[in-house]
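K.L.:
See input.txt below, with compact mmCIF, C-alpha atoms and all ligand atoms.
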```txt
# COMPACT_ATOMS: atom_id res chain seq x y z
CA MET A 203 0.00 0.00 0.00
CA LEU A 204 2.67 2.50 1.07
CA LYS A 205 4.80 1.49 -1.90
CA ASN A 206 1.96 2.21 -4.33
CA LEU A 207 1.16 5.47 -2.57
CA ARG A 208 4.77 6.58 -2.85
CA GLU A 209 4.82 5.74 -6.55
CA THR A 210 1.62 7.74 -7.11
CA ALA A 211 2.93 10.68 -5.09
CA ASP A 212 6.32 10.64 -6.83
CA TRP A 213 4.64 10.59 -10.24
CA LEU A 214 2.44 13.56 -9.27
CA LYS A 215 5.23 15.51 -7.57
CA ALA A 216 6.79 16.35 -10.90
CA LYS A 217 3.46 17.79 -12.10
CA ILE A 218 2.37 20.04 -9.23
CA PRO A 219 4.01 23.06 -7.60
CA ALA A 220 6.11 22.01 -4.59
CA ASN A 221 4.39 24.54 -2.33
CA THR A 222 0.85 23.12 -2.85
CA GLU A 223 -0.76 22.80 0.59
CA ILE A 224 -4.47 22.84 -0.25
CA GLY A 225 -6.58 19.92 -1.42
CA VAL A 226 -10.20 20.17 -2.54
CA ILE A 227 -12.79 17.45 -3.21
CA LEU A 228 -15.56 18.58 -5.54
CA GLY A 229 -18.67 16.55 -4.70
CA THR A 230 -21.82 15.59 -6.59
CA GLY A 231 -23.07 18.43 -8.79
CA LEU A 232 -20.22 20.60 -7.57
CA GLY A 233 -17.86 19.87 -10.41
CA ASP A 234 -18.58 23.41 -11.62
CA LEU A 235 -16.63 24.80 -8.69
CA VAL A 236 -13.79 24.18 -11.08
CA LYS A 237 -14.88 27.38 -12.87
CA SER A 238 -13.60 29.38 -9.91
CA ILE A 239 -10.25 27.66 -10.19
CA LYS A 240 -7.47 29.04 -12.37
CA VAL A 241 -6.77 25.68 -13.98
CA GLU A 242 -3.18 24.97 -14.98
CA LYS A 243 -3.38 21.24 -15.60
CA GLU A 244 -6.04 18.55 -15.72
CA ILE A 245 -4.81 15.05 -15.06
CA PRO A 246 -7.35 12.28 -15.82
CA TYR A 247 -7.45 9.75 -12.99
CA ALA A 248 -6.88 7.03 -15.57
CA GLU A 249 -3.36 8.40 -16.22
CA ILE A 250 -2.30 8.40 -12.58
CA PRO A 251 -0.45 5.26 -11.49
CA HIS A 252 -2.44 3.14 -8.97
CA PHE A 253 -5.33 5.64 -8.87
CA PRO A 254 -8.88 4.24 -8.85
CA VAL A 255 -11.09 5.41 -11.75
CA SER A 256 -14.41 7.23 -11.27
CA THR A 257 -17.54 5.87 -12.96
CA VAL A 258 -20.69 7.68 -11.80
CA GLN A 259 -22.60 10.19 -13.93
CA GLY A 260 -21.76 13.75 -12.83
CA HIS A 261 -18.29 12.81 -11.62
CA SER A 262 -15.66 13.57 -14.25
CA GLY A 263 -12.56 12.05 -12.73
CA ASN A 264 -9.73 14.56 -13.07
CA LEU A 265 -7.11 15.86 -10.76
CA ILE A 266 -6.99 19.61 -11.25
CA VAL A 267 -3.78 21.49 -10.66
CA GLY A 268 -4.38 25.21 -10.37
CA GLN A 269 -4.95 28.22 -8.18
CA LEU A 270 -7.84 29.32 -6.00
CA GLY A 271 -7.82 32.42 -3.83
CA GLY A 272 -4.30 33.09 -5.10
CA LYS A 273 -2.95 29.82 -3.66
CA PRO A 274 -1.84 26.64 -5.41
CA ILE A 275 -4.39 23.86 -4.99
CA LEU A 276 -4.93 20.26 -5.99
CA ALA A 277 -8.60 19.51 -6.64
CA MET A 278 -10.37 16.22 -7.18
CA GLN A 279 -13.07 16.58 -9.81
CA GLY A 280 -14.98 13.43 -8.98
CA ARG A 281 -14.52 11.17 -5.98
CA PHE A 282 -14.79 7.47 -5.28
CA HIS A 283 -17.89 6.26 -3.49
CA PHE A 284 -18.20 3.10 -1.45
CA TYR A 285 -21.53 2.33 -3.19
CA GLU A 286 -19.75 2.13 -6.54
CA GLY A 287 -17.99 -0.94 -5.24
CA TYR A 288 -14.65 0.59 -4.30
CA SER A 289 -13.01 -0.64 -1.13
CA MET A 290 -12.50 1.86 1.68
CA LYS A 291 -8.78 1.89 0.86
CA GLU A 292 -9.66 2.95 -2.71
CA VAL A 293 -12.22 5.53 -1.56
CA THR A 294 -9.56 7.20 0.58
CA TYR A 295 -6.51 6.55 -1.62
CA PRO A 296 -6.41 10.13 -3.00
CA ILE A 297 -6.37 11.54 0.54
CA ARG A 298 -3.30 9.47 1.37
CA VAL A 299 -1.67 10.69 -1.82
CA MET A 300 -2.41 14.28 -0.78
CA GLN A 301 -0.88 13.56 2.62
CA LEU A 302 2.32 12.27 1.01
CA LEU A 303 2.39 15.30 -1.29
CA GLY A 304 2.47 17.61 1.73
CA ILE A 305 -1.13 18.85 1.53
CA ARG A 306 -2.06 20.42 4.89
CA TYR A 307 -5.63 21.62 4.34
CA LEU A 308 -8.54 19.70 2.87
CA PHE A 309 -11.79 21.25 1.65
CA VAL A 310 -14.62 18.79 1.03
CA SER A 311 -18.05 19.29 -0.51
CA ASN A 312 -21.01 16.97 -0.93
CA ALA A 313 -24.72 16.85 -1.67
CA ALA A 314 -26.88 15.70 1.21
CA GLY A 315 -30.44 15.23 2.35
CA GLY A 316 -31.50 17.46 5.24
CA MET A 317 -33.28 16.10 8.33
CA ASN A 318 -33.16 19.35 10.26
CA GLY A 319 -36.61 20.99 10.15
CA SER A 320 -35.12 24.47 9.71
CA PHE A 321 -33.24 23.52 6.52
CA GLU A 322 -34.38 24.42 3.00
CA ILE A 323 -33.35 22.90 -0.32
CA GLY A 324 -30.31 24.81 -1.59
CA ASP A 325 -28.97 25.62 1.89
CA ILE A 326 -25.27 25.22 2.56
CA MET A 327 -24.44 23.36 5.78
CA LEU A 328 -21.04 23.66 7.37
CA ILE A 329 -20.25 20.24 8.80
CA ASP A 330 -19.39 20.60 12.48
CA ASP A 331 -19.16 16.90 13.17
CA HIS A 332 -20.18 13.55 11.73
CA ILE A 333 -21.58 10.14 12.59
CA ASN A 334 -19.96 7.27 10.74
CA LEU A 335 -22.54 4.66 9.72
CA PHE A 336 -20.50 3.07 6.93
CA PRO A 337 -20.32 -0.70 7.31
CA GLU A 338 -16.54 -0.72 7.01
CA HIS A 339 -13.97 1.59 8.60
CA PRO A 340 -11.32 3.14 6.32
CA LEU A 341 -8.64 2.55 8.97
CA ARG A 342 -9.51 -1.11 9.50
CA GLY A 343 -6.49 -3.38 9.18
CA LYS A 344 -2.81 -3.02 9.93
CA ASN A 345 -1.96 0.54 10.90
CA ASP A 346 1.01 2.21 9.26
CA GLU A 347 2.56 4.46 11.92
CA GLU A 348 4.17 6.51 9.17
CA LEU A 349 0.69 7.64 8.12
CA GLY A 350 -0.91 8.12 11.55
CA VAL A 351 -1.61 6.60 14.96
CA ARG A 352 -3.53 3.37 15.60
CA PHE A 353 -6.33 4.97 17.65
CA PRO A 354 -6.92 8.50 16.34
CA ASP A 355 -8.69 11.08 18.46
CA MET A 356 -11.82 12.39 16.73
CA SER A 357 -12.82 15.22 19.08
CA GLU A 358 -12.18 17.80 16.34
CA ALA A 359 -12.29 16.12 12.95
CA TYR A 360 -13.53 19.36 11.37
CA ASP A 361 -11.04 22.11 12.15
CA ARG A 362 -12.44 24.55 14.70
CA GLU A 363 -10.49 27.57 13.50
CA LEU A 364 -11.40 27.03 9.83
CA ARG A 365 -15.05 26.66 10.84
CA ARG A 366 -14.85 29.90 12.83
CA ARG A 367 -13.41 31.75 9.83
CA THR A 368 -16.05 30.31 7.51
CA THR A 369 -18.87 31.37 9.82
CA GLU A 370 -17.42 34.86 10.03
CA ILE A 371 -17.00 35.17 6.24
CA ALA A 372 -20.59 33.98 5.67
CA ARG A 373 -21.90 36.48 8.22
CA ARG A 374 -19.97 39.39 6.70
CA ASN A 375 -21.22 38.54 3.20
CA ASN A 376 -24.83 37.77 4.11
CA ILE A 377 -24.55 34.16 3.01
CA LYS A 378 -26.99 31.89 4.81
CA LEU A 379 -24.93 29.16 6.43
CA GLN A 380 -26.43 26.27 8.36
CA HIS A 381 -24.41 24.17 10.78
CA GLY A 382 -24.83 20.56 11.60
CA VAL A 383 -23.89 16.94 11.96
CA TYR A 384 -23.43 14.91 8.78
CA ILE A 385 -24.33 11.24 8.80
CA GLY A 386 -22.35 9.12 6.35
CA THR A 387 -24.17 6.05 5.00
CA GLN A 388 -23.26 3.57 2.31
CA GLY A 389 -26.15 4.19 -0.13
CA PRO A 390 -26.92 3.83 -2.97
CA THR A 391 -30.55 4.07 -1.87
CA PHE A 392 -31.81 7.39 -0.57
CA GLU A 393 -33.53 7.02 2.79
CA THR A 394 -36.98 5.77 3.68
CA PRO A 395 -38.99 8.22 5.80
CA ALA A 396 -38.34 6.00 8.83
CA GLU A 397 -34.59 6.09 8.14
CA TYR A 398 -34.52 9.90 7.84
CA ASN A 399 -36.39 10.06 11.14
CA TYR A 400 -33.97 7.62 12.77
CA PHE A 401 -30.98 9.66 11.55
CA LYS A 402 -32.56 12.79 13.00
CA ILE A 403 -33.21 11.09 16.35
CA ILE A 404 -29.61 9.91 16.67
CA GLY A 405 -28.32 13.45 16.13
CA GLY A 406 -27.97 14.00 12.39
CA ASP A 407 -28.85 17.17 10.49
CA ALA A 408 -27.96 15.90 7.02
CA VAL A 409 -27.23 12.53 5.42
CA GLY A 410 -25.13 11.55 2.45
CA MET A 411 -23.04 8.78 0.93
CA SER A 412 -19.54 10.24 1.08
CA THR A 413 -17.14 12.50 2.99
CA VAL A 414 -16.90 10.55 6.26
CA PRO A 415 -14.27 8.05 5.03
CA GLU A 416 -12.16 10.80 3.44
CA VAL A 417 -12.37 13.02 6.51
CA ILE A 418 -11.41 10.17 8.84
CA VAL A 419 -8.33 9.42 6.76
CA ALA A 420 -7.46 13.11 6.39
CA HIS A 421 -7.68 13.58 10.14
CA HIS A 422 -5.63 10.43 10.75
CA GLY A 423 -3.02 11.87 8.41
CA GLY A 424 -2.95 15.26 10.14
CA LEU A 425 -4.75 17.31 7.47
CA ARG A 426 -6.90 20.19 8.71
CA THR A 427 -10.34 19.69 7.22
CA LEU A 428 -13.30 21.88 6.37
CA ALA A 429 -16.42 20.30 4.83
CA PHE A 430 -19.74 21.49 3.44
CA SER A 431 -23.01 19.86 2.47
CA ILE A 432 -25.39 21.34 -0.03
CA ILE A 433 -28.89 20.37 1.04
CA THR A 434 -30.41 18.99 -2.14
CA ASP A 435 -33.54 17.33 -0.72
CA LEU A 436 -35.36 17.12 2.57
CA GLY A 437 -35.86 14.11 4.79
CA VAL A 438 -38.14 16.07 7.08
CA LEU A 439 -41.35 14.23 7.99
CA GLY A 440 -44.28 15.83 6.16
CA ARG A 441 -41.95 17.43 3.57
CA ILE A 442 -40.47 14.31 2.03
CA VAL A 443 -40.86 14.03 -1.73
CA GLU A 444 -39.43 11.57 -4.21
CA VAL A 445 -35.77 12.33 -4.95
CA THR A 446 -33.70 11.58 -8.04
CA HIS A 447 -30.00 11.96 -8.80
CA GLU A 448 -30.95 14.70 -11.29
CA ASP A 449 -32.79 16.70 -8.57
CA VAL A 450 -29.73 16.40 -6.39
CA GLN A 451 -27.43 17.63 -9.16
CA LYS A 452 -29.72 20.54 -10.02
CA ALA A 453 -30.05 21.78 -6.42
CA ALA A 454 -26.30 21.43 -5.93
CA ALA A 455 -25.59 23.37 -9.13
CA GLU A 456 -27.73 26.29 -7.95
CA ALA A 457 -25.97 26.59 -4.61
CA GLN A 458 -22.45 26.15 -5.86
CA PRO A 459 -21.52 29.78 -6.64
CA LYS A 460 -22.06 30.66 -2.97
CA LEU A 461 -20.09 27.66 -1.82
CA ALA A 462 -17.29 28.48 -4.26
CA PHE A 463 -17.13 31.99 -2.86
CA LEU A 464 -16.93 30.72 0.73
CA ILE A 465 -14.19 28.23 -0.03
CA GLU A 466 -12.19 30.80 -1.97
CA GLU A 467 -12.46 33.37 0.81
CA VAL A 468 -11.37 30.88 3.46
CA ILE A 469 -8.41 29.85 1.30
CA LYS A 470 -7.35 33.51 1.08
CA THR A 471 -6.96 33.52 4.89
CA LEU A 472 -4.54 30.57 4.93
N1 LIG B 501 -29.66 10.80 1.27
C1 LIG B 501 -28.43 10.31 1.03
N2 LIG B 501 -27.58 10.87 0.22
C2 LIG B 501 -27.94 11.99 -0.42
C3 LIG B 501 -29.19 12.55 -0.22
C4 LIG B 501 -30.11 11.91 0.67
O1 LIG B 501 -31.25 12.36 0.89
N3 LIG B 501 -29.26 13.67 -0.99
C5 LIG B 501 -28.07 13.77 -1.62
N4 LIG B 501 -27.27 12.76 -1.28
```
Rewrite the structure of this file - the entire thing - as C-alpha cells.

P.N.:
Amino acid sequence: MLKNLRETADWLKAKIPANTEIGVILGTGLGDLVKSIKVEKEIPYAEIPHFPVSTVQGHSGNLIVGQLGGKPILAMQGRFHFYEGYSMKEVTYPIRVMQLLGIRYLFVSNAAGGMNGSFEIGDIMLIDDHINLFPEHPLRGKNDEELGVRFPDMSEAYDRELRRRTTEIARRNNIKLQHGVYIGTQGPTFETPAEYNYFKIIGGDAVGMSTVPEVIVAHHGGLRTLAFSIITDLGVLGRIVEVTHEDVQKAAAEAQPKLAFLIEEVIKTL
C-alpha cells in the first residue's frame, strides 16, 4: 500500500508546484466549482499510477492542478464512493496521496439530504461533526505508523479555526450558512422516511453517501479539514418528496456559486 502510494505521489510531484498545501474534493453536482479555479493542468485519474477510476454520472474524474484564492491547490473533480464498489482503501486513496504530497488543508463538498426541520433545499451546511454509519472503517487493518496513529482522536475532525473563519465570512457577506452533523451512509438508496427520522433522532442534520471516510483518513493523516453539504432534498417528515440523482445535481448546481465563494475566501486567509 505505502509502496503504491509513494509511486503515485512521486509521479504527481513532478506535475504540481512544490508549495501546494491545499486539497479540494468537488462533490456531486459541484464539479462546476472548477470554474472558480485558475486551472493549470487537468490530469485524468486514468493516467495516474495506482489511482482508482471514477464511474458515476456527474463525476468527471480529473485531478486539477491550479490556483484558488491566489494559492496553489490540488482539486479532485470526482470522488470514489463506497456504493460504486470501491473498497474503503480505494475511496480514501487520493487523501493518502495528498498527505504524502504535503497537503495540509482539505476542503470537502457533498450533496446531502436534510433532516433538520429548519433547513431548505439549496442551503449550505457547514459540517461541524459527523456520525460514521458506513459498514466498514477506512482505517480497518494493519496501521502504518508513518501515516498516523492506531487509535486516532476524533474530538475535532472538522477544524475549529477554519469553521470559525467560515462562519465569520458567511456572516460578513450575508450568506446563509447552516451548521450541523453529517451522517455518512453507504447508499446507494436514498432514505426511507423511517430512516430519515432515525438519523434525525440519533443526532444528524444531514445525510449523504460520502465525505466521512475521506475526513477520517485526512484527520488520521494530520490534514486540517473543512467540509460542506449542499442540502439537495429534505428528509423532514411531512416534507419528504421523491428524490432523483438529477434533482440532487440541479439543487447542488444552484448553490455552488455561494459555496465556491466561501471556499475561496477561506483559502485567502490561509
Ligand atoms: N440521502 C443520502 N444521500 C444523499 C441525499 C439523501 O437524501 N441527498 C443527496 N445525497

K.L.:
Hey, can you check how far atom CA of Val443 of chain A sits from atom CA of Asn399 of chain A?

P.N.:
14.2 Å

K.L.:
Could you tell me, counting only C-alpha atoms and all ligand atoms, which protein and nucleic acid residues lie no more than 9 Å from ligand LIG 501 (chain B), written as number ranges by chain?

P.N.:
A: 230, 312-317, 385-393, 398, 408-412, 431-437, 445-447, 449-451, 454

K.L.:
Given all atoms listed in the file as the basis, pick out the residue of A:Ile266, A:Val414, A:Ile305, A:Ile275 nearest to Asn334 of chain A.

P.N.:
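Comparing A:Ile266, A:Val414, A:Ile305, A:Ile275 against Asn334 of chain A, the winner is A:Val414.
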
K.L.:
Within 9 Å of (-30.9, 27.8, 8.3) in the file's own coordinates, which protein, DNA or RNA residues have an atom, counting only C-alpha atoms? List them as a VMD selection string.

P.N.:
chain A and resid 318 320 to 322 325 to 327 378 to 381

K.L.:
At a cut-off of 10 Å, using only C-alpha atoms, what residues contact segment 268-272 of chain A? Leave out same-chain residues fewer than 4 positions from it and give the result as number ranges by chain.

P.N.:
A: 218-219, 222, 224, 236, 238-244, 276-277, 462-463, 465-472

K.L.:
Can you list, as a PyMOL selection string, every protein, DNA or RNA residue that comes within 6 Å of segment 226-229 of chain A when you count only C-alpha atoms, leaving out same-chain residues fewer than 3 positions away?

P.N.:
chain A and resi 232-233+277-279+308-312

K.L.:
Closest to Leu335 of chain A among A:Ile404, A:Ala211, A:Val419, A:Ala220, using all atoms listed in the file?

P.N.:
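Nearest candidate to Leu335 of chain A out of A:Ile404, A:Ala211, A:Val419, A:Ala220: A:Ile404.
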